[in-house]
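**Student:** Quick one: the structure is below, and I'll ask about it shortly.
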Amino acid sequence: MSQAVEAFLDEVWDEIKSIYAREHQRGEVKNRSRLQAGMKDYLRVAWRKGKFNWGQGKIHIDIYEPFSWSDSSYQIEAGSYIVELTDEQLTEEFFPALCGRMDELFHSEEYGPQFFDYRFNIVFEFEREQSVLTLHRKLVNESKLTELRKALDQFIKSKIWSELPVLPGDHDLFFFANLLVNPDLMKQEEQEIDPLIRQLLGKMQKFPKRRDEWIRQYTSAFKHWAQEHFLPRYFEPTGSYGQEWVIKEGTDLAAVDSRDLDFFLYAALQVGSSDPDTRQKYLELAIQLGSDQAQAYLNTGSGKFVSAYRGERMEGKNNDVTKTIEIRILSEEEQAYSEALDYIIGLLQQGFPKGYQLKLKSSQKHFLPVKKLAKSKLHQFFANALSYPDLYPKLAEYADAVMEEFAWYEDVEPSEKSVMPGTYAVMGLGLYSESYFPLVCRYMELVDTEHQMVQDGYAEAFIEAHDVQAEHMPVIVSILLGGNEEGRQVKNITIDRPELAEALIQALKGKKDHEIELVLCRIFGNPKKLAGAVRAAQPPLREGLEQLLALWG
């Protein structure tokens, strides 16, 4: 080994050991997941040439894989030896020696058993005036890999396939999601991975926050796999932050691995549940690689449903992959909307996704008088259908088929205007007919009050339509309880007659203390205001309001 190579190697190695010693002093991560073999899995050593003089650059060291748009490297000066180094010396002497030292440290437990992951990537880059030398090496600790396989198998048995109430810890979800797309540990096949994802989704159905977090983790893992492992084989990243992809010149489509391509399509569909734009992009890239299946997904869906329908007064299309239903009203009349509802209900009964979006071509443009509801095509369709009273039973049938707790229509971007499937039909039926008050109550019991906001404005619209009547008090209380937990006061509800106070008392019987407080807060604002109403009221209304104040506790 030449003196220049030895000087460069010693300079670099001293800095690496110094960095690792500081990292080790920080201590181990608390609540470390059993699915994390270790923390450090990357090292990049680079010589970056000087801006005005090639030899006046710096040595850059990264112990975490950097983002393309950032530079958080440790930087050190190099001696005059740097200009003596040849590509041959760097390739045949420096890099093998660096990898040898790193391999020895990697397999040791100098910094503890959890410091290094089971795999480790070493990257070396050396910039010259007009070129860059780049070398790579991957290290694997087979004993750690074996232990991680055992831990993953045990985790799947004890935390995934087990019955409730057993669930994975929050700190495990990230690592489990990423191990699912790790070919060292799992076959990259839909039939291997999808049952695990579905099983955990099912177990978390009653825990919406954790379910949302699981969806976020596994879709993020699929994106990472696609962007870091699959797409770079066939495409070059372009555009801002490398988010656009252009197929590599001379790509041999016949050499594309069909199993990897199938898994990429599966990843695209999984990502699409929360990021339809990325799903669209991935499917379009798969088409460039010759995937007829990707083209079929975009054109007609999975093939499970007949993709097109033509009735006497309406036309329909559907795509279960993009979760889209298209309705074209050919004749603006009751029968057209009846046919359209039959079409949609039929799809739902066959298993079409309840959280769909709808594209509508119609000359009618009705919307419900409920503040904050998005004026989407889906809303327009149901408001149009609600203009025909004879369709109310069919709209109720639709609502029964589509309502699902913790599910969402995709008619708007995820936001405060997102609503549970069935919302537009149920709210409209409740405004226009007393016959559907029980349906409204079922809806309010199902709705996710923590994550949905728009039902807050429904109480005001309901009172505007029906006024405050004693016989309606049970449904009014149900609507108030279905509102957001902030308990915003409904300004047009007034308890100004004894029979209304008594009806409210009866409707609150059996309710929990916090539910009673929420209802009274939404009607009266706060206890002080109710106390004021008690003082201003005359008997027998006063006695009723006093009982309500006593309930507030």
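Chains: A, B, ... in order of the structure tokens. Residues: from 1 per chain. Ligands: from 1, in order shown.
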Would you mind listing what lies within 10 Å of Pro414 of chain A as a PDB file with C-alpha atoms, in the first residue's frame, with only C-alpha atoms counted and same-chain residues fewer than 5 positions away left out?

**Tutor:**
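As a result, part12.pdb now contains:
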ATOM      1  CA  SER A 274     -54.183   6.933   0.293  1.00  0.00           C
ATOM      2  CA  ASP A 275     -52.238   8.414  -2.647  1.00  0.00           C
ATOM      3  CA  TRP A 408     -64.431   7.601   3.659  1.00  0.00           C
ATOM      4  CA  TYR A 409     -65.709   8.615   0.265  1.00  0.00           C
ATOM      5  CA  VAL A 419     -67.262  12.095   4.868  1.00  0.00           C
TER       6      VAL A 419
END

**Student:** From a backbone DSSP assignment, name each residue in segment 154-257 of chain A labelled strand (DSSP E), as a PyMOL selection string.

**Tutor:** chain A and resi 235-238+244-247

**Student:** Those same residues, written as a PDB file, in the first residue's frame with C-alpha atoms?

**Tutor:**
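For reference, part.pdb as written:
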ATOM      1  CA  PHE A 235     -35.744   4.455 -14.983  1.00  0.00           C
ATOM      2  CA  GLU A 236     -33.707   7.580 -14.303  1.00  0.00           C
ATOM      3  CA  PRO A 237     -35.016  10.060 -11.709  1.00  0.00           C
ATOM      4  CA  THR A 238     -35.618  13.563 -13.054  1.00  0.00           C
ATOM      5  CA  GLU A 244     -40.274  12.038 -11.972  1.00  0.00           C
ATOM      6  CA  TRP A 245     -38.943   9.007 -13.823  1.00  0.00           C
ATOM      7  CA  VAL A 246     -37.755   8.568 -17.415  1.00  0.00           C
ATOM      8  CA  ILE A 247     -37.102   5.102 -18.823  1.00  0.00           C
TER       9      ILE A 247
END

**Student:** Between A:Phe175, A:Tyr118, A:Tyr392, A:Tyr111, which has the minimum distance to Arg22 of chain A (counting only C-alpha atoms)?

**Tutor:**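 Distance minimum relative to Arg22 of chain A lands on A:Tyr111.
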
**Student:** Using only C-alpha atoms, tabulate the residues of segment 491-521 of chain A lying at most 10 Å from any atom of segment 456-462 of chain A, each with its closest atom pair and that distance in Å to one decimal, by chain and increasing residue number, as a Markdown table.

**Tutor:**
| residue | atom | partner | partner_atom | distance |
| --- | --- | --- | --- | --- |
| A:Lys491 | CA | A:Glu460 | CA | 7.4 |
| A:Asn492 | CA | A:Glu460 | CA | 6.3 |
| A:Ile493 | CA | A:Glu460 | CA | 7.7 |

**Student:** What residues in segment 38-139 of chain A get the DSSP label alpha helix (DSSP H)? Please answer as a PyMOL selection string.

**Tutor:** chain A and resi 87-89+95-107

**Student:** I'd like the neighbourhood of His451 of chain A as a ChimeraX atom specification, where a residue qualifies if any of its atoms comes within 9 Å (using only C-alpha atoms), though same-chain residues fewer than 2 positions away should be ignored.

**Tutor:** /A:406,416,418,447-449,453,484

**Student:** Rank A:Ala226, A:Ala536, A:Ile505, A:Ala21 by their smallest atom-to-atom distance to Ala286 of chain A, using only C-alpha atoms, and report the top residue only.

**Tutor:**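 Comparing A:Ala226, A:Ala536, A:Ile505, A:Ala21 against Ala286 of chain A, the winner is A:Ala226.
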
**Student:** Tell me which of A:Trp161, A:Phe524, A:Phe367, A:Phe174 sits closest to Arg198 of chain A, counting only C-alpha atoms.

**Tutor:**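 Checking each candidate against Arg198 of chain A, we get A:Trp161 as the closest.
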
**Student:** In Å, rounded to a single decimal, give me how far atom CA of Pro539 of chain A is from atom CA of Leu508 of chain A.

**Tutor:**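 Atom CA of Pro539 of chain A lies 21.3 Å from atom CA of Leu508 of chain A.
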